[in-house]
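Novice: So that you have it, the file is final.csv, and it contains CSV, C-alpha atoms:
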chain,number,residue,atom,x,y,z
A,1,LEU,CA,36.4,-206.6,-92.9
A,2,TYR,CA,36.1,-203.6,-90.5
A,3,GLU,CA,34.6,-200.1,-90.6
A,4,ASP,CA,34.2,-197.2,-88.3
A,5,GLU,CA,33.8,-193.4,-88.8
A,6,ASP,CA,37.5,-192.9,-89.6
A,7,MET,CA,38.4,-195.9,-91.8
A,8,VAL,CA,37.4,-199.0,-93.6
A,9,VAL,CA,39.4,-202.2,-94.1
A,10,VAL,CA,38.6,-204.3,-97.1
A,11,ASN,CA,39.5,-207.7,-98.6
A,12,LYS,CA,40.5,-206.7,-102.1
A,13,GLN,CA,39.8,-209.3,-104.8
A,14,PRO,CA,42.3,-210.0,-107.7
A,15,GLY,CA,41.7,-208.0,-110.9
A,16,VAL,CA,40.2,-205.0,-109.2
A,17,LEU,CA,41.8,-201.6,-109.1
A,18,ILE,CA,41.9,-199.7,-105.8
A,19,HIS,CA,40.5,-196.4,-107.2
A,20,PRO,CA,39.4,-194.9,-110.5
A,21,SER,CA,42.3,-194.0,-112.8
A,22,HIS,CA,42.8,-192.8,-116.4
A,23,GLY,CA,40.9,-195.0,-118.7
A,24,HIS,CA,39.3,-197.1,-115.9
A,25,PHE,CA,36.6,-195.2,-114.1
A,26,ASP,CA,34.2,-198.0,-113.0
A,27,ASP,CA,34.3,-201.2,-111.0
A,28,THR,CA,37.0,-200.2,-108.6
A,29,ILE,CA,37.0,-200.4,-104.8
A,30,GLY,CA,36.7,-196.6,-104.6
A,31,ASN,CA,33.5,-196.8,-106.7
A,32,TYR,CA,32.1,-199.6,-104.5
A,33,LEU,CA,32.9,-197.6,-101.3
A,34,MET,CA,31.2,-194.5,-102.5
A,35,TRP,CA,28.1,-196.5,-103.5
A,36,HIS,CA,28.2,-198.3,-100.1
A,37,TRP,CA,28.3,-195.0,-98.2
A,38,GLN,CA,25.6,-193.5,-100.4
A,39,GLN,CA,23.3,-196.4,-99.7
A,40,ALA,CA,23.9,-195.9,-96.0
A,41,GLY,CA,23.2,-192.2,-96.2
A,42,GLU,CA,26.8,-191.4,-95.2
A,43,GLU,CA,29.0,-188.8,-96.7
A,44,SER,CA,32.5,-190.1,-96.6
A,45,GLY,CA,35.5,-189.7,-98.7
A,46,PHE,CA,37.8,-192.5,-99.6
A,47,HIS,CA,41.6,-192.1,-99.3
A,48,PRO,CA,43.8,-195.1,-100.1
A,49,VAL,CA,46.8,-195.0,-97.9
A,50,HIS,CA,48.8,-197.8,-99.5
A,51,ARG,CA,48.5,-199.8,-102.7
A,52,LEU,CA,48.0,-203.3,-104.0
A,53,ASP,CA,48.7,-204.2,-107.6
A,54,LYS,CA,45.5,-204.9,-109.7
A,55,ASP,CA,46.2,-208.7,-109.7
A,56,VAL,CA,47.0,-208.9,-106.0
A,57,ALA,CA,44.3,-209.8,-103.5
A,58,GLY,CA,44.1,-209.2,-99.8
A,59,VAL,CA,43.7,-206.8,-96.9
A,60,MET,CA,44.0,-203.0,-97.3
A,61,VAL,CA,42.8,-199.9,-95.4
A,62,TYR,CA,41.2,-196.8,-96.7
A,63,ALA,CA,40.8,-193.6,-94.6
A,64,LYS,CA,37.4,-191.9,-94.6
A,65,THR,CA,38.7,-188.5,-93.6
A,66,LYS,CA,41.7,-186.3,-94.5
A,67,ALA,CA,42.9,-186.4,-90.9
A,68,ALA,CA,42.8,-190.2,-90.8
A,69,ALA,CA,44.4,-190.4,-94.2
A,70,ALA,CA,47.3,-188.2,-93.0
A,71,GLU,CA,47.9,-190.3,-89.9
A,72,LEU,CA,47.7,-193.7,-91.7
A,73,SER,CA,49.9,-192.4,-94.5
A,74,LYS,CA,52.5,-191.4,-92.0
A,75,GLN,CA,52.4,-194.9,-90.5
A,76,ALA,CA,52.8,-196.4,-94.0
A,77,GLY,CA,55.7,-194.1,-94.7
A,78,ASP,CA,57.6,-194.6,-91.5
A,79,ARG,CA,57.1,-198.4,-91.6
A,80,THR,CA,55.1,-198.6,-88.4
A,81,MET,CA,52.3,-200.1,-90.5
A,82,LYS,CA,53.2,-203.7,-90.8
A,83,LYS,CA,52.2,-205.6,-93.9
A,84,THR,CA,52.6,-209.3,-94.4
A,85,TYR,CA,52.0,-211.3,-97.6
A,86,LEU,CA,51.7,-214.9,-98.6
A,87,ALA,CA,53.3,-216.0,-101.9
A,88,LEU,CA,53.7,-219.3,-103.7
A,89,LEU,CA,57.2,-219.5,-105.3
A,90,HIS,CA,58.4,-221.6,-108.2
A,91,GLY,CA,61.5,-222.8,-106.3
A,92,LYS,CA,62.6,-222.5,-102.7
A,93,PRO,CA,65.0,-220.1,-101.0
A,94,GLN,CA,68.3,-221.7,-99.8
A,95,GLU,CA,67.6,-220.4,-96.3
A,96,GLU,CA,64.3,-221.0,-94.4
A,97,SER,CA,64.1,-217.3,-93.5
A,98,GLY,CA,66.0,-214.2,-94.3
A,99,THR,CA,66.1,-210.7,-95.7
A,100,LEU,CA,66.2,-209.7,-99.4
A,101,GLU,CA,67.7,-206.3,-100.2
A,102,ASP,CA,68.0,-204.9,-103.7
A,103,LEU,CA,68.1,-201.7,-105.7
A,104,LEU,CA,65.0,-201.4,-107.9
A,105,PHE,CA,64.3,-199.3,-111.0
A,106,PHE,CA,60.7,-199.0,-112.2
A,107,ASP,CA,60.4,-198.5,-116.0
A,108,LYS,CA,57.1,-196.7,-116.5
A,109,GLY,CA,57.1,-197.3,-120.3
A,110,LYS,CA,57.4,-201.1,-119.7
A,111,ASN,CA,55.4,-201.1,-116.4
A,112,LYS,CA,58.0,-203.3,-115.0
A,113,SER,CA,60.6,-203.1,-112.2
A,114,PHE,CA,64.2,-204.3,-112.6
A,115,VAL,CA,66.9,-205.1,-110.0
A,116,VAL,CA,70.0,-203.0,-110.8
A,117,LYS,CA,73.5,-202.9,-109.4
A,118,LYS,CA,74.1,-199.1,-109.0
A,119,GLU,CA,72.2,-196.2,-107.6
A,120,ARG,CA,71.1,-193.6,-110.1
A,121,ARG,CA,68.1,-191.4,-110.7
A,122,GLY,CA,64.9,-193.3,-110.2
A,123,VAL,CA,66.5,-196.2,-108.3
A,124,LYS,CA,65.2,-197.1,-104.9
A,125,LYS,CA,66.2,-199.5,-102.1
A,126,ALA,CA,63.9,-202.4,-101.6
A,127,LEU,CA,63.8,-204.5,-98.4
A,128,LEU,CA,61.7,-207.4,-97.3
A,129,ASN,CA,61.9,-210.3,-94.8
A,130,TYR,CA,60.7,-213.8,-95.7
A,131,ARG,CA,60.0,-217.1,-94.0
A,132,VAL,CA,59.2,-220.4,-95.7
A,133,ILE,CA,56.0,-221.8,-94.3
A,134,SER,CA,55.8,-225.1,-96.3
A,135,GLN,CA,57.4,-226.7,-99.3
A,136,LYS,CA,56.4,-229.3,-101.8
A,137,ASP,CA,58.0,-230.5,-105.0
A,138,GLY,CA,60.7,-227.9,-104.8
A,139,ASN,CA,58.2,-225.0,-104.4
A,140,ALA,CA,57.6,-222.9,-101.4
A,141,LEU,CA,54.7,-221.2,-99.7
A,142,THR,CA,56.4,-218.1,-98.2
A,143,GLU,CA,55.3,-215.4,-95.7
A,144,ILE,CA,56.8,-212.0,-96.5
A,145,GLU,CA,57.0,-208.9,-94.4
A,146,LEU,CA,57.3,-205.9,-96.7
A,147,LEU,CA,59.7,-203.3,-95.2
A,148,THR,CA,59.6,-200.9,-98.2
A,149,GLY,CA,56.7,-200.5,-100.7
A,150,ARG,CA,58.2,-200.5,-104.2
A,151,THR,CA,56.3,-201.2,-107.4
A,152,HIS,CA,56.1,-205.0,-108.0
A,153,GLN,CA,58.7,-205.4,-105.2
A,154,ILE,CA,57.9,-208.9,-104.0
A,155,ARG,CA,57.5,-210.2,-107.5
A,156,VAL,CA,60.7,-208.8,-108.9
A,157,GLN,CA,62.9,-209.5,-105.9
A,158,PHE,CA,62.0,-213.3,-105.9
A,159,ALA,CA,62.0,-213.5,-109.7
A,160,SER,CA,65.5,-212.0,-109.9
A,161,ARG,CA,66.6,-215.0,-107.7
A,162,LYS,CA,65.0,-217.5,-110.1
A,163,MET,CA,62.0,-218.0,-107.9
A,164,PRO,CA,59.1,-216.2,-109.6
A,165,LEU,CA,55.6,-216.3,-108.1
A,166,TYR,CA,53.1,-218.7,-109.5
A,167,GLY,CA,50.9,-217.0,-112.1
A,168,ASP,CA,53.2,-214.0,-112.6
A,169,GLY,CA,53.6,-213.9,-116.3
A,170,ARG,CA,55.2,-210.5,-116.2
A,171,TYR,CA,58.2,-211.8,-114.2
A,172,GLY,CA,58.5,-215.4,-115.5
A,173,GLY,CA,56.0,-217.3,-113.3
A,174,GLY,CA,53.7,-218.5,-116.0
A,175,SER,CA,50.0,-218.0,-116.6
A,176,GLY,CA,47.1,-218.2,-114.2
A,177,LYS,CA,46.1,-216.1,-111.2
A,178,LEU,CA,49.0,-214.4,-109.4
A,179,ALA,CA,49.8,-216.4,-106.2
A,180,LEU,CA,50.3,-213.3,-104.0
A,181,PHE,CA,48.0,-212.4,-101.1
A,182,ALA,CA,48.1,-209.4,-98.7
A,183,HIS,CA,47.6,-211.6,-95.6
A,184,THR,CA,47.8,-209.2,-92.6
A,185,LEU,CA,47.9,-205.5,-91.9
A,186,GLU,CA,48.8,-204.0,-88.4
A,187,PHE,CA,48.7,-200.4,-87.5
A,188,MET,CA,47.5,-198.0,-84.8
A,189,HIS,CA,44.0,-196.5,-85.1
A,190,PRO,CA,44.4,-193.1,-86.7
A,191,VAL,CA,42.3,-191.3,-84.0
A,192,ASN,CA,42.3,-193.3,-80.8
A,193,GLY,CA,45.7,-195.0,-81.1
A,194,GLU,CA,44.3,-198.5,-80.5
A,195,LYS,CA,46.4,-201.3,-82.1
A,196,MET,CA,44.5,-202.8,-85.0
So that I can check it, write out the structure of this file as structure tokens.

Specialist:
Amino acid sequence: LYEDEDMVVVNKQPGVLIHPSHGHFDDTIGNYLMWHWQQAGEESGFHPVHRLDKDVAGVMVYAKTKAAAAELSKQAGDRTMKKTYLALLHGKPQEESGTLEDLLFFDKGKNKSFVVKKERRGVKKALLNYRVISQKDGNALTEIELLTGRTHQIRVQFASRKMPLYGDGRYGGGSGKLALFAHTLEFMHPVNGEKM
């Protein structure tokens, strides 16, 4: 979607990992970027500064230098990087817009997050804003602003309220493609400070 000497913004496809990992070394965005730069005769590194689950599609940014990575990671960490998503829910929130706040625990063994009632080791606060864009047959297309970045956060927060995302078999939304898309990303350019 965009590239300069400091960063590249891509439209990630569903089913693709963002970088090589244990047991999955090929066919990732990281592999593609390295090939792309090699073909252009450019020596760049790739530094993901935020994550998208394998089955989630949409916009994400990679830094090409360590300095850009540090600045973009800072923006992601202090919430000045704004991320919005579109999700199709089985069901509809009672309110047309609002905030969801939960405590989440990620179980690595099950690769699944759970809403819990009490703080304990490994439990993190999860916060998002939502707005219903349209509804049909009791289901809702929803815009979500992610305020924290917890594993499977959007998926588990809505599923815990009996509104799983379409295609989210892990959290009760049935089979098919996961209906979650990283729609927009806003941040300041890591070098010149321009609003992107």

Novice: Report the closest atom pair, with its distance in Å rounded to one decimal, for each residue of segment 51-110 of chain A that has an atom no farther than 7 Å from segment 141-162 of chain A; count only C-alpha atoms, sort by chain and then rising residue number, and write it as a tab-separated table.

Specialist:
residue	atom	partner	partner_atom	distance
A:Arg79	CA	A:Leu147	CA	6.6
A:Lys83	CA	A:Leu146	CA	5.8
A:Thr84	CA	A:Glu145	CA	4.4
A:Tyr85	CA	A:Ile144	CA	5.0
A:Leu86	CA	A:Glu143	CA	4.6
A:Ala87	CA	A:Thr142	CA	5.3
A:Leu88	CA	A:Leu141	CA	4.5
A:Leu89	CA	A:Leu141	CA	6.4
A:Phe106	CA	A:Thr151	CA	6.9

Novice: Between atom CA of Asp78 of chain A and atom CA of Glu96 of chain A, what is the spacing in Å?

Specialist: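 Value for the atom CA of Glu96 of chain A-atom CA of Asp78 of chain A distance: 27.4 Å.
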
Novice: Ranking A:His19, A:Lys136, A:Lys74, A:His47 by minimum distance to His90 of chain A and counting all atoms listed in the file, which one comes first?

Specialist: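 Among the listed residues, A:Lys136 lies closest to His90 of chain A.
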
Novice: For a test of reading the model, state the distance in Å between atom CA of Leu103 of chain A and atom CA of Tyr130 of chain A, rounded to one decimal.

Specialist: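 Distance reported for this atom pair: 17.4 Å.
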
Novice: Go through A:Ser175, A:Thr99, A:Thr65, A:Thr80 one by one, measure the shortest atom-to-atom distance of each to Met188 of chain A using only C-alpha atoms, and give the residue with the smallest value.

Specialist: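 Among the listed residues, A:Thr80 lies closest to Met188 of chain A.
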
Novice: Return the single residue from A:Trp35, A:Lys125, A:Asp55, A:Leu104 that is closest to Gly169 of chain A, with distances computed using all atoms listed in the file.

Specialist: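 Ranking A:Trp35, A:Lys125, A:Asp55, A:Leu104 by distance to Gly169 of chain A, first place goes to A:Asp55.
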
Novice: Using Å and a single decimal, report how far atom CA of Glu5 of chain A sits from atom CA of Trp37 of chain A.

Specialist: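 Atom CA of Glu5 of chain A lies 11.0 Å from atom CA of Trp37 of chain A.
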
Novice: Have a look at A:Val191, A:Ser97, A:Arg170, A:Lys64 and name the one nearest to Lys110 of chain A; count only C-alpha atoms.

Specialist: A:Arg170

Novice: Pick from A:Pro164, A:Arg51, A:Lys82, A:Leu128: nearest to Glu101 of chain A, with all atoms listed in the file counted?

Specialist: A:Leu128

Novice: Show me as a list in words the residues that reach within 10 Å of (47.5, -203.9, -100.1), counting all atoms listed in the file and using the file's own coordinates.

Specialist: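 The residues near that point, listed by chain and number, are Val10, Asn11, Lys12, Ile18, Pro48, Val49, His50, Arg51, Leu52, Asp53, Lys54, Val56, Ala57, Gly58, Val59, Met60, Val61, Lys83, Thr84, Tyr85, Gly149, Phe181, Ala182, His183, Thr184 and Leu185 of chain A.
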
Novice: Between A:Met81, A:Ala140, A:Ala179, A:Ile29, which one has atoms that come closest to Gln13 of chain A, using all atoms listed in the file?

Specialist: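 Closest to Gln13 of chain A of all the choices is A:Ile29.
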
Novice: Pick out the residues sitting within 12 Å of Lys118 of chain A, and hand them over as an MDAnalysis selection string; count only C-alpha atoms, and ignore anything fewer than 3 positions along from it in its own chain.

Specialist: chainID A and resid 102:105 114:115 121:125
